[in-house]
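Have a look at query.pdb below; it lists PDB, N, CA and C atoms.
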```
MODEL        1
ATOM      1  N   MET T   1      30.407  61.200 147.298  1.00  0.00           N
ATOM      2  CA  MET T   1      30.747  62.503 147.825  1.00  0.00           C
ATOM      3  C   MET T   1      30.548  62.526 149.335  1.00  0.00           C
ATOM      4  N   PRO T   2      31.423  63.228 150.035  1.00  0.00           N
ATOM      5  CA  PRO T   2      31.286  63.297 151.493  1.00  0.00           C
ATOM      6  C   PRO T   2      30.043  64.093 151.887  1.00  0.00           C
ATOM      7  N   GLN T   3      29.434  63.667 152.978  1.00  0.00           N
ATOM      8  CA  GLN T   3      28.211  64.303 153.451  1.00  0.00           C
ATOM      9  C   GLN T   3      28.468  65.228 154.637  1.00  0.00           C
ATOM     10  N   HIS T   4      29.399  64.840 155.491  1.00  0.00           N
ATOM     11  CA  HIS T   4      29.657  65.619 156.696  1.00  0.00           C
ATOM     12  C   HIS T   4      30.593  66.785 156.401  1.00  0.00           C
ATOM     13  N   LYS T   5      30.434  67.822 157.185  1.00  0.00           N
ATOM     14  CA  LYS T   5      31.238  69.023 157.009  1.00  0.00           C
ATOM     15  C   LYS T   5      32.730  68.721 157.174  1.00  0.00           C
ATOM     16  N   SER T   6      33.048  67.897 158.169  1.00  0.00           N
ATOM     17  CA  SER T   6      34.450  67.573 158.430  1.00  0.00           C
ATOM     18  C   SER T   6      35.043  66.740 157.294  1.00  0.00           C
ATOM     19  N   ALA T   7      34.223  65.858 156.698  1.00  0.00           N
ATOM     20  CA  ALA T   7      34.709  65.034 155.591  1.00  0.00           C
ATOM     21  C   ALA T   7      34.970  65.885 154.355  1.00  0.00           C
ATOM     22  N   ILE T   8      34.132  66.887 154.143  1.00  0.00           N
ATOM     23  CA  ILE T   8      34.330  67.802 153.011  1.00  0.00           C
ATOM     24  C   ILE T   8      35.654  68.556 153.189  1.00  0.00           C
ATOM     25  N   LYS T   9      35.912  68.986 154.421  1.00  0.00           N
ATOM     26  CA  LYS T   9      37.159  69.685 154.711  1.00  0.00           C
ATOM     27  C   LYS T   9      38.355  68.764 154.499  1.00  0.00           C
ATOM     28  N   ARG T  10      38.243  67.502 154.924  1.00  0.00           N
ATOM     29  CA  ARG T  10      39.340  66.541 154.749  1.00  0.00           C
ATOM     30  C   ARG T  10      39.661  66.348 153.268  1.00  0.00           C
ATOM     31  N   VAL T  11      38.628  66.326 152.427  1.00  0.00           N
ATOM     32  CA  VAL T  11      38.861  66.181 150.979  1.00  0.00           C
ATOM     33  C   VAL T  11      39.662  67.368 150.464  1.00  0.00           C
ATOM     34  N   ARG T  12      39.279  68.581 150.908  1.00  0.00           N
ATOM     35  CA  ARG T  12      40.021  69.783 150.494  1.00  0.00           C
ATOM     36  C   ARG T  12      41.468  69.715 150.957  1.00  0.00           C
ATOM     37  N   GLN T  13      41.680  69.307 152.209  1.00  0.00           N
ATOM     38  CA  GLN T  13      43.030  69.224 152.751  1.00  0.00           C
ATOM     39  C   GLN T  13      43.864  68.187 152.007  1.00  0.00           C
ATOM     40  N   ASN T  14      43.241  67.042 151.716  1.00  0.00           N
ATOM     41  CA  ASN T  14      43.973  65.966 151.036  1.00  0.00           C
ATOM     42  C   ASN T  14      44.422  66.381 149.640  1.00  0.00           C
ATOM     43  N   VAL T  15      43.569  67.108 148.933  1.00  0.00           N
ATOM     44  CA  VAL T  15      43.934  67.581 147.596  1.00  0.00           C
ATOM     45  C   VAL T  15      45.128  68.517 147.692  1.00  0.00           C
ATOM     46  N   LYS T  16      45.055  69.456 148.637  1.00  0.00           N
ATOM     47  CA  LYS T  16      46.133  70.434 148.811  1.00  0.00           C
ATOM     48  C   LYS T  16      47.440  69.747 149.182  1.00  0.00           C
ATOM     49  N   ARG T  17      47.379  68.793 150.102  1.00  0.00           N
ATOM     50  CA  ARG T  17      48.585  68.086 150.545  1.00  0.00           C
ATOM     51  C   ARG T  17      49.159  67.212 149.439  1.00  0.00           C
ATOM     52  N   ARG T  18      48.280  66.553 148.672  1.00  0.00           N
ATOM     53  CA  ARG T  18      48.749  65.696 147.583  1.00  0.00           C
ATOM     54  C   ARG T  18      49.523  66.517 146.552  1.00  0.00           C
ATOM     55  N   LEU T  19      48.987  67.684 146.210  1.00  0.00           N
ATOM     56  CA  LEU T  19      49.666  68.534 145.238  1.00  0.00           C
ATOM     57  C   LEU T  19      51.003  69.035 145.779  1.00  0.00           C
ATOM     58  N   HIS T  20      51.040  69.386 147.052  1.00  0.00           N
ATOM     59  CA  HIS T  20      52.284  69.854 147.677  1.00  0.00           C
ATOM     60  C   HIS T  20      53.325  68.745 147.681  1.00  0.00           C
ATOM     61  N   ASN T  21      52.917  67.535 148.062  1.00  0.00           N
ATOM     62  CA  ASN T  21      53.842  66.405 148.092  1.00  0.00           C
ATOM     63  C   ASN T  21      54.335  66.057 146.693  1.00  0.00           C
ATOM     64  N   ARG T  22      53.448  66.162 145.704  1.00  0.00           N
ATOM     65  CA  ARG T  22      53.835  65.866 144.324  1.00  0.00           C
ATOM     66  C   ARG T  22      54.900  66.847 143.852  1.00  0.00           C
ATOM     67  N   ASP T  23      54.735  68.119 144.190  1.00  0.00           N
ATOM     68  CA  ASP T  23      55.732  69.122 143.821  1.00  0.00           C
ATOM     69  C   ASP T  23      57.075  68.835 144.472  1.00  0.00           C
ATOM     70  N   GLN T  24      57.045  68.424 145.738  1.00  0.00           N
ATOM     71  CA  GLN T  24      58.292  68.128 146.441  1.00  0.00           C
ATOM     72  C   GLN T  24      58.988  66.910 145.849  1.00  0.00           C
ATOM     73  N   ARG T  25      58.217  65.864 145.496  1.00  0.00           N
ATOM     74  CA  ARG T  25      58.809  64.684 144.861  1.00  0.00           C
ATOM     75  C   ARG T  25      59.409  65.042 143.509  1.00  0.00           C
ATOM     76  N   SER T  26      58.724  65.912 142.776  1.00  0.00           N
ATOM     77  CA  SER T  26      59.228  66.350 141.481  1.00  0.00           C
ATOM     78  C   SER T  26      60.544  67.103 141.637  1.00  0.00           C
ATOM     79  N   GLN T  27      60.611  67.975 142.626  1.00  0.00           N
ATOM     80  CA  GLN T  27      61.840  68.732 142.886  1.00  0.00           C
ATOM     81  C   GLN T  27      62.978  67.790 143.265  1.00  0.00           C
ATOM     82  N   MET T  28      62.663  66.764 144.066  1.00  0.00           N
ATOM     83  CA  MET T  28      63.661  65.779 144.478  1.00  0.00           C
ATOM     84  C   MET T  28      64.229  65.057 143.258  1.00  0.00           C
ATOM     85  N   ARG T  29      63.345  64.656 142.343  1.00  0.00           N
ATOM     86  CA  ARG T  29      63.799  63.962 141.127  1.00  0.00           C
ATOM     87  C   ARG T  29      64.665  64.868 140.275  1.00  0.00           C
ATOM     88  N   THR T  30      64.332  66.153 140.231  1.00  0.00           N
ATOM     89  CA  THR T  30      65.118  67.110 139.457  1.00  0.00           C
ATOM     90  C   THR T  30      66.533  67.217 140.017  1.00  0.00           C
ATOM     91  N   TYR T  31      66.645  67.309 141.349  1.00  0.00           N
ATOM     92  CA  TYR T  31      67.972  67.382 141.976  1.00  0.00           C
ATOM     93  C   TYR T  31      68.781  66.116 141.675  1.00  0.00           C
ATOM     94  N   ILE T  32      68.129  64.951 141.707  1.00  0.00           N
ATOM     95  CA  ILE T  32      68.817  63.688 141.425  1.00  0.00           C
ATOM     96  C   ILE T  32      69.313  63.670 139.978  1.00  0.00           C
ATOM     97  N   LYS T  33      68.464  64.119 139.052  1.00  0.00           N
ATOM     98  CA  LYS T  33      68.846  64.134 137.639  1.00  0.00           C
ATOM     99  C   LYS T  33      70.026  65.068 137.391  1.00  0.00           C
ATOM    100  N   LYS T  34      70.043  66.198 138.113  1.00  0.00           N
ATOM    101  CA  LYS T  34      71.154  67.144 137.941  1.00  0.00           C
ATOM    102  C   LYS T  34      72.478  66.488 138.308  1.00  0.00           C
ATOM    103  N   VAL T  35      72.465  65.660 139.338  1.00  0.00           N
ATOM    104  CA  VAL T  35      73.690  64.958 139.730  1.00  0.00           C
ATOM    105  C   VAL T  35      74.062  63.946 138.657  1.00  0.00           C
ATOM    106  N   LEU T  36      73.083  63.185 138.180  1.00  0.00           N
ATOM    107  CA  LEU T  36      73.359  62.100 137.240  1.00  0.00           C
ATOM    108  C   LEU T  36      73.783  62.595 135.858  1.00  0.00           C
ATOM    109  N   ILE T  37      73.381  63.813 135.471  1.00  0.00           N
ATOM    110  CA  ILE T  37      73.798  64.310 134.152  1.00  0.00           C
ATOM    111  C   ILE T  37      75.082  65.125 134.227  1.00  0.00           C
ATOM    112  N   SER T  38      75.593  65.326 135.441  1.00  0.00           N
ATOM    113  CA  SER T  38      76.847  66.069 135.593  1.00  0.00           C
ATOM    114  C   SER T  38      78.003  65.233 135.066  1.00  0.00           C
ATOM    115  N   THR T  39      78.848  65.872 134.270  1.00  0.00           N
ATOM    116  CA  THR T  39      80.027  65.172 133.760  1.00  0.00           C
ATOM    117  C   THR T  39      81.288  65.650 134.470  1.00  0.00           C
ATOM    118  N   ASP T  40      81.268  66.872 134.944  1.00  0.00           N
ATOM    119  CA  ASP T  40      82.399  67.441 135.674  1.00  0.00           C
ATOM    120  C   ASP T  40      82.276  67.067 137.146  1.00  0.00           C
ATOM    121  N   LYS T  41      83.354  66.560 137.729  1.00  0.00           N
ATOM    122  CA  LYS T  41      83.296  66.089 139.114  1.00  0.00           C
ATOM    123  C   LYS T  41      82.981  67.210 140.100  1.00  0.00           C
ATOM    124  N   ALA T  42      83.546  68.390 139.911  1.00  0.00           N
ATOM    125  CA  ALA T  42      83.293  69.514 140.824  1.00  0.00           C
ATOM    126  C   ALA T  42      81.823  69.926 140.784  1.00  0.00           C
ATOM    127  N   GLU T  43      81.286  69.987 139.582  1.00  0.00           N
ATOM    128  CA  GLU T  43      79.870  70.331 139.421  1.00  0.00           C
ATOM    129  C   GLU T  43      78.983  69.254 140.062  1.00  0.00           C
ATOM    130  N   ALA T  44      79.359  68.009 139.850  1.00  0.00           N
ATOM    131  CA  ALA T  44      78.587  66.902 140.410  1.00  0.00           C
ATOM    132  C   ALA T  44      78.592  66.941 141.936  1.00  0.00           C
ATOM    133  N   GLU T  45      79.727  67.306 142.519  1.00  0.00           N
ATOM    134  CA  GLU T  45      79.812  67.360 143.986  1.00  0.00           C
ATOM    135  C   GLU T  45      78.932  68.460 144.563  1.00  0.00           C
ATOM    136  N   THR T  46      78.870  69.612 143.885  1.00  0.00           N
ATOM    137  CA  THR T  46      77.993  70.676 144.381  1.00  0.00           C
ATOM    138  C   THR T  46      76.532  70.280 144.237  1.00  0.00           C
ATOM    139  N   ASN T  47      76.192  69.638 143.108  1.00  0.00           N
ATOM    140  CA  ASN T  47      74.818  69.154 142.922  1.00  0.00           C
ATOM    141  C   ASN T  47      74.490  68.044 143.911  1.00  0.00           C
ATOM    142  N   LEU T  48      75.486  67.221 144.222  1.00  0.00           N
ATOM    143  CA  LEU T  48      75.284  66.125 145.173  1.00  0.00           C
ATOM    144  C   LEU T  48      74.943  66.667 146.556  1.00  0.00           C
ATOM    145  N   LYS T  49      75.632  67.715 146.959  1.00  0.00           N
ATOM    146  CA  LYS T  49      75.392  68.297 148.285  1.00  0.00           C
ATOM    147  C   LYS T  49      73.945  68.760 148.412  1.00  0.00           C
ATOM    148  N   VAL T  50      73.446  69.414 147.376  1.00  0.00           N
ATOM    149  CA  VAL T  50      72.059  69.896 147.379  1.00  0.00           C
ATOM    150  C   VAL T  50      71.090  68.713 147.393  1.00  0.00           C
ATOM    151  N   ALA T  51      71.365  67.708 146.568  1.00  0.00           N
ATOM    152  CA  ALA T  51      70.475  66.560 146.454  1.00  0.00           C
ATOM    153  C   ALA T  51      70.417  65.760 147.755  1.00  0.00           C
ATOM    154  N   VAL T  52      71.564  65.542 148.384  1.00  0.00           N
ATOM    155  CA  VAL T  52      71.607  64.781 149.632  1.00  0.00           C
ATOM    156  C   VAL T  52      70.835  65.509 150.726  1.00  0.00           C
ATOM    157  N   SER T  53      71.021  66.807 150.797  1.00  0.00           N
ATOM    158  CA  SER T  53      70.300  67.603 151.787  1.00  0.00           C
ATOM    159  C   SER T  53      68.795  67.500 151.580  1.00  0.00           C
ATOM    160  N   TYR T  54      68.366  67.596 150.328  1.00  0.00           N
ATOM    161  CA  TYR T  54      66.929  67.538 150.027  1.00  0.00           C
ATOM    162  C   TYR T  54      66.373  66.142 150.280  1.00  0.00           C
ATOM    163  N   LEU T  55      67.146  65.108 149.947  1.00  0.00           N
ATOM    164  CA  LEU T  55      66.702  63.737 150.220  1.00  0.00           C
ATOM    165  C   LEU T  55      66.529  63.493 151.714  1.00  0.00           C
ATOM    166  N   ASP T  56      67.455  64.027 152.516  1.00  0.00           N
ATOM    167  CA  ASP T  56      67.319  63.911 153.972  1.00  0.00           C
ATOM    168  C   ASP T  56      66.029  64.568 154.441  1.00  0.00           C
ATOM    169  N   LYS T  57      65.757  65.744 153.902  1.00  0.00           N
ATOM    170  CA  LYS T  57      64.555  66.482 154.279  1.00  0.00           C
ATOM    171  C   LYS T  57      63.295  65.697 153.905  1.00  0.00           C
ATOM    172  N   MET T  58      63.285  65.104 152.722  1.00  0.00           N
ATOM    173  CA  MET T  58      62.123  64.337 152.279  1.00  0.00           C
ATOM    174  C   MET T  58      61.936  63.079 153.126  1.00  0.00           C
ATOM    175  N   GLY T  59      63.048  62.486 153.549  1.00  0.00           N
ATOM    176  CA  GLY T  59      62.978  61.321 154.425  1.00  0.00           C
ATOM    177  C   GLY T  59      62.426  61.683 155.792  1.00  0.00           C
ATOM    178  N   ARG T  60      62.847  62.829 156.314  1.00  0.00           N
ATOM    179  CA  ARG T  60      62.350  63.282 157.617  1.00  0.00           C
ATOM    180  C   ARG T  60      60.859  63.581 157.571  1.00  0.00           C
ATOM    181  N   LYS T  61      60.419  64.195 156.486  1.00  0.00           N
ATOM    182  CA  LYS T  61      59.021  64.612 156.384  1.00  0.00           C
ATOM    183  C   LYS T  61      58.091  63.474 155.976  1.00  0.00           C
ATOM    184  N   GLY T  62      58.655  62.350 155.537  1.00  0.00           N
ATOM    185  CA  GLY T  62      57.813  61.217 155.161  1.00  0.00           C
ATOM    186  C   GLY T  62      57.325  61.267 153.724  1.00  0.00           C
ATOM    187  N   ILE T  63      57.897  62.135 152.913  1.00  0.00           N
ATOM    188  CA  ILE T  63      57.521  62.177 151.497  1.00  0.00           C
ATOM    189  C   ILE T  63      58.016  60.898 150.820  1.00  0.00           C
ATOM    190  N   VAL T  64      59.228  60.479 151.168  1.00  0.00           N
ATOM    191  CA  VAL T  64      59.745  59.162 150.778  1.00  0.00           C
ATOM    192  C   VAL T  64      60.194  58.474 152.068  1.00  0.00           C
ATOM    193  N   HIS T  65      60.263  57.161 152.020  1.00  0.00           N
ATOM    194  CA  HIS T  65      60.708  56.405 153.190  1.00  0.00           C
ATOM    195  C   HIS T  65      62.181  56.711 153.460  1.00  0.00           C
ATOM    196  N   LYS T  66      62.567  56.701 154.721  1.00  0.00           N
ATOM    197  CA  LYS T  66      63.946  57.020 155.091  1.00  0.00           C
ATOM    198  C   LYS T  66      64.942  56.090 154.409  1.00  0.00           C
ATOM    199  N   ASN T  67      64.606  54.817 154.297  1.00  0.00           N
ATOM    200  CA  ASN T  67      65.514  53.871 153.646  1.00  0.00           C
ATOM    201  C   ASN T  67      65.624  54.147 152.151  1.00  0.00           C
ATOM    202  N   GLN T  68      64.526  54.559 151.540  1.00  0.00           N
ATOM    203  CA  GLN T  68      64.578  54.891 150.117  1.00  0.00           C
ATOM    204  C   GLN T  68      65.471  56.109 149.899  1.00  0.00           C
ATOM    205  N   ALA T  69      65.346  57.099 150.771  1.00  0.00           N
ATOM    206  CA  ALA T  69      66.201  58.280 150.674  1.00  0.00           C
ATOM    207  C   ALA T  69      67.667  57.878 150.840  1.00  0.00           C
ATOM    208  N   SER T  70      67.924  56.975 151.787  1.00  0.00           N
ATOM    209  CA  SER T  70      69.286  56.514 152.029  1.00  0.00           C
ATOM    210  C   SER T  70      69.840  55.770 150.814  1.00  0.00           C
ATOM    211  N   ASN T  71      69.017  54.927 150.198  1.00  0.00           N
ATOM    212  CA  ASN T  71      69.447  54.186 149.009  1.00  0.00           C
ATOM    213  C   ASN T  71      69.770  55.132 147.860  1.00  0.00           C
ATOM    214  N   LYS T  72      68.933  56.144 147.667  1.00  0.00           N
ATOM    215  CA  LYS T  72      69.176  57.105 146.593  1.00  0.00           C
ATOM    216  C   LYS T  72      70.465  57.894 146.846  1.00  0.00           C
ATOM    217  N   LYS T  73      70.688  58.295 148.098  1.00  0.00           N
ATOM    218  CA  LYS T  73      71.917  59.021 148.439  1.00  0.00           C
ATOM    219  C   LYS T  73      73.142  58.153 148.165  1.00  0.00           C
ATOM    220  N   SER T  74      73.065  56.893 148.559  1.00  0.00           N
ATOM    221  CA  SER T  74      74.175  55.976 148.354  1.00  0.00           C
ATOM    222  C   SER T  74      74.497  55.829 146.871  1.00  0.00           C
ATOM    223  N   ARG T  75      73.454  55.698 146.057  1.00  0.00           N
ATOM    224  CA  ARG T  75      73.627  55.547 144.622  1.00  0.00           C
ATOM    225  C   ARG T  75      74.275  56.788 144.014  1.00  0.00           C
ATOM    226  N   LEU T  76      73.853  57.957 144.484  1.00  0.00           N
ATOM    227  CA  LEU T  76      74.396  59.208 143.941  1.00  0.00           C
ATOM    228  C   LEU T  76      75.864  59.399 144.341  1.00  0.00           C
ATOM    229  N   VAL T  77      76.203  59.069 145.596  1.00  0.00           N
ATOM    230  CA  VAL T  77      77.578  59.197 146.067  1.00  0.00           C
ATOM    231  C   VAL T  77      78.478  58.251 145.281  1.00  0.00           C
ATOM    232  N   LYS T  78      77.993  57.041 145.041  1.00  0.00           N
ATOM    233  CA  LYS T  78      78.754  56.054 144.271  1.00  0.00           C
ATOM    234  C   LYS T  78      79.007  56.574 142.856  1.00  0.00           C
ATOM    235  N   TYR T  79      78.004  57.202 142.248  1.00  0.00           N
ATOM    236  CA  TYR T  79      78.149  57.740 140.908  1.00  0.00           C
ATOM    237  C   TYR T  79      79.195  58.849 140.872  1.00  0.00           C
ATOM    238  N   VAL T  80      79.112  59.761 141.841  1.00  0.00           N
ATOM    239  CA  VAL T  80      80.040  60.905 141.860  1.00  0.00           C
ATOM    240  C   VAL T  80      81.467  60.421 142.126  1.00  0.00           C
ATOM    241  N   ASN T  81      81.632  59.437 142.981  1.00  0.00           N
ATOM    242  CA  ASN T  81      82.974  58.922 143.269  1.00  0.00           C
ATOM    243  C   ASN T  81      83.607  58.252 142.060  1.00  0.00           C
ATOM    244  N   ASN T  82      82.783  57.709 141.155  1.00  0.00           N
ATOM    245  CA  ASN T  82      83.318  57.035 139.965  1.00  0.00           C
ATOM    246  C   ASN T  82      83.591  57.995 138.820  1.00  0.00           C
ATOM    247  N   LEU T  83      83.251  59.270 138.990  1.00  0.00           N
ATOM    248  CA  LEU T  83      83.534  60.240 137.915  1.00  0.00           C
ATOM    249  C   LEU T  83      85.042  60.491 137.784  1.00  0.00           C
TER     250      LEU T  83
ENDMDL
END
```

So that I can check it, write out the structure of this file as structure tokens.
Amino acid sequence: MPQHKSAIKRVRQNVKRRLHNRDQRSQMRTYIKKVLISTDKAEAETNLKVAVSYLDKMGRKGIVHKNQASNKKSRLVKYVNNL
């Protein structure tokens, strides 16, 4: 257990940030799944727009690496184009 006041605060902050980041990653996965389960091309394109925007945001904020976000976007665009 942390002994210093600042270390105790850091533990509180880390817990809060971890939970926030986990929620954001979960939301990102949900957007990706919505694209992948779409069977209608028009629906998939609207879901793709939301997912790509969110992936960019997660890449900027460092929730996922920028290259990982780029790879996921590429995979989703390829899927929608093949519908």

Hits from the PyMOL selection byres (((chain T and resi 24 and name CA) around 12) and name CA), listed as JSON, numbers by chain: {"T": [17, 18, 19, 20, 21, 22, 23, 25, 26, 27, 28, 29, 30, 31, 54, 55, 57, 58, 59, 61, 62, 63, 64]}

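Residue nearest T:Ala44 within the list T:Val80, T:Met1, T:Ala7, T:Ala69: T:Val80 [criterion: smallest interatomic distance, all atoms listed in the file].
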
Separation of atom C of T:Glu43 from atom N of T:Ser74 in Å: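 These atoms are spaced 16.1 Å apart.
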
Who sits within 12 Å of T:Arg75, only C-alpha atoms, same chain under 5 positions skipped, as a PyMOL selection string: chain T and resi 32+35-36+48+51-52+68-70+80-82

Keeping only N, CA and C atoms, write the selected residues as an mmCIF file, keeping the file's coordinate frame.
```
data_model
loop_
_atom_site.group_PDB
_atom_site.id
_atom_site.type_symbol
_atom_site.label_atom_id
_atom_site.label_comp_id
_atom_site.auth_asym_id
_atom_site.auth_seq_id
_atom_site.Cartn_x
_atom_site.Cartn_y
_atom_site.Cartn_z
ATOM 1 N N ILE T 32 68.129 64.951 141.707
ATOM 2 C CA ILE T 32 68.817 63.688 141.425
ATOM 3 C C ILE T 32 69.313 63.670 139.978
ATOM 4 N N VAL T 35 72.465 65.660 139.338
ATOM 5 C CA VAL T 35 73.690 64.958 139.730
ATOM 6 C C VAL T 35 74.062 63.946 138.657
ATOM 7 N N LEU T 36 73.083 63.185 138.180
ATOM 8 C CA LEU T 36 73.359 62.100 137.240
ATOM 9 C C LEU T 36 73.783 62.595 135.858
ATOM 10 N N LEU T 48 75.486 67.221 144.222
ATOM 11 C CA LEU T 48 75.284 66.125 145.173
ATOM 12 C C LEU T 48 74.943 66.667 146.556
ATOM 13 N N ALA T 51 71.365 67.708 146.568
ATOM 14 C CA ALA T 51 70.475 66.560 146.454
ATOM 15 C C ALA T 51 70.417 65.760 147.755
ATOM 16 N N VAL T 52 71.564 65.542 148.384
ATOM 17 C CA VAL T 52 71.607 64.781 149.632
ATOM 18 C C VAL T 52 70.835 65.509 150.726
ATOM 19 N N GLN T 68 64.526 54.559 151.540
ATOM 20 C CA GLN T 68 64.578 54.891 150.117
ATOM 21 C C GLN T 68 65.471 56.109 149.899
ATOM 22 N N ALA T 69 65.346 57.099 150.771
ATOM 23 C CA ALA T 69 66.201 58.280 150.674
ATOM 24 C C ALA T 69 67.667 57.878 150.840
ATOM 25 N N SER T 70 67.924 56.975 151.787
ATOM 26 C CA SER T 70 69.286 56.514 152.029
ATOM 27 C C SER T 70 69.840 55.770 150.814
ATOM 28 N N VAL T 80 79.112 59.761 141.841
ATOM 29 C CA VAL T 80 80.040 60.905 141.860
ATOM 30 C C VAL T 80 81.467 60.421 142.126
ATOM 31 N N ASN T 81 81.632 59.437 142.981
ATOM 32 C CA ASN T 81 82.974 58.922 143.269
ATOM 33 C C ASN T 81 83.607 58.252 142.060
ATOM 34 N N ASN T 82 82.783 57.709 141.155
ATOM 35 C CA ASN T 82 83.318 57.035 139.965
ATOM 36 C C ASN T 82 83.591 57.995 138.820
#
```

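What separates atom CA of T:Leu83 from atom CA of T:Thr39 is a distance of 7.3 Å.
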
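One distance worth recording is that between atom CA of T:Gln3 and atom CA of T:Lys16, which is 19.5 Å.
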
Centre, x/y/z edge lengths, axis-aligned box for stretch 8-24 of chain T with 8 Å per side, as AutoDock Vina command-line options:
```
--center_x 46.6 --center_y 68.1 --center_z 149.4 --size_x 40.9 --size_y 20.7 --size_z 27.1
```

Members of chain T assigned alpha helix (DSSP H) by DSSP, as JSON, numbers by chain: {"T": [5, 6, 7, 8, 9, 10, 11, 12, 13, 14, 15, 16, 17, 18, 19, 20, 21, 22, 23, 24, 25, 26, 27, 28, 29, 30, 31, 32, 33, 34, 35, 36, 41, 42, 43, 44, 45, 46, 47, 48, 49, 50, 51, 52, 53, 54, 55, 56, 57, 58, 59, 60, 61, 66, 67, 68, 69, 70, 71, 72, 73, 74, 75, 76, 77, 78, 79, 80, 81]}
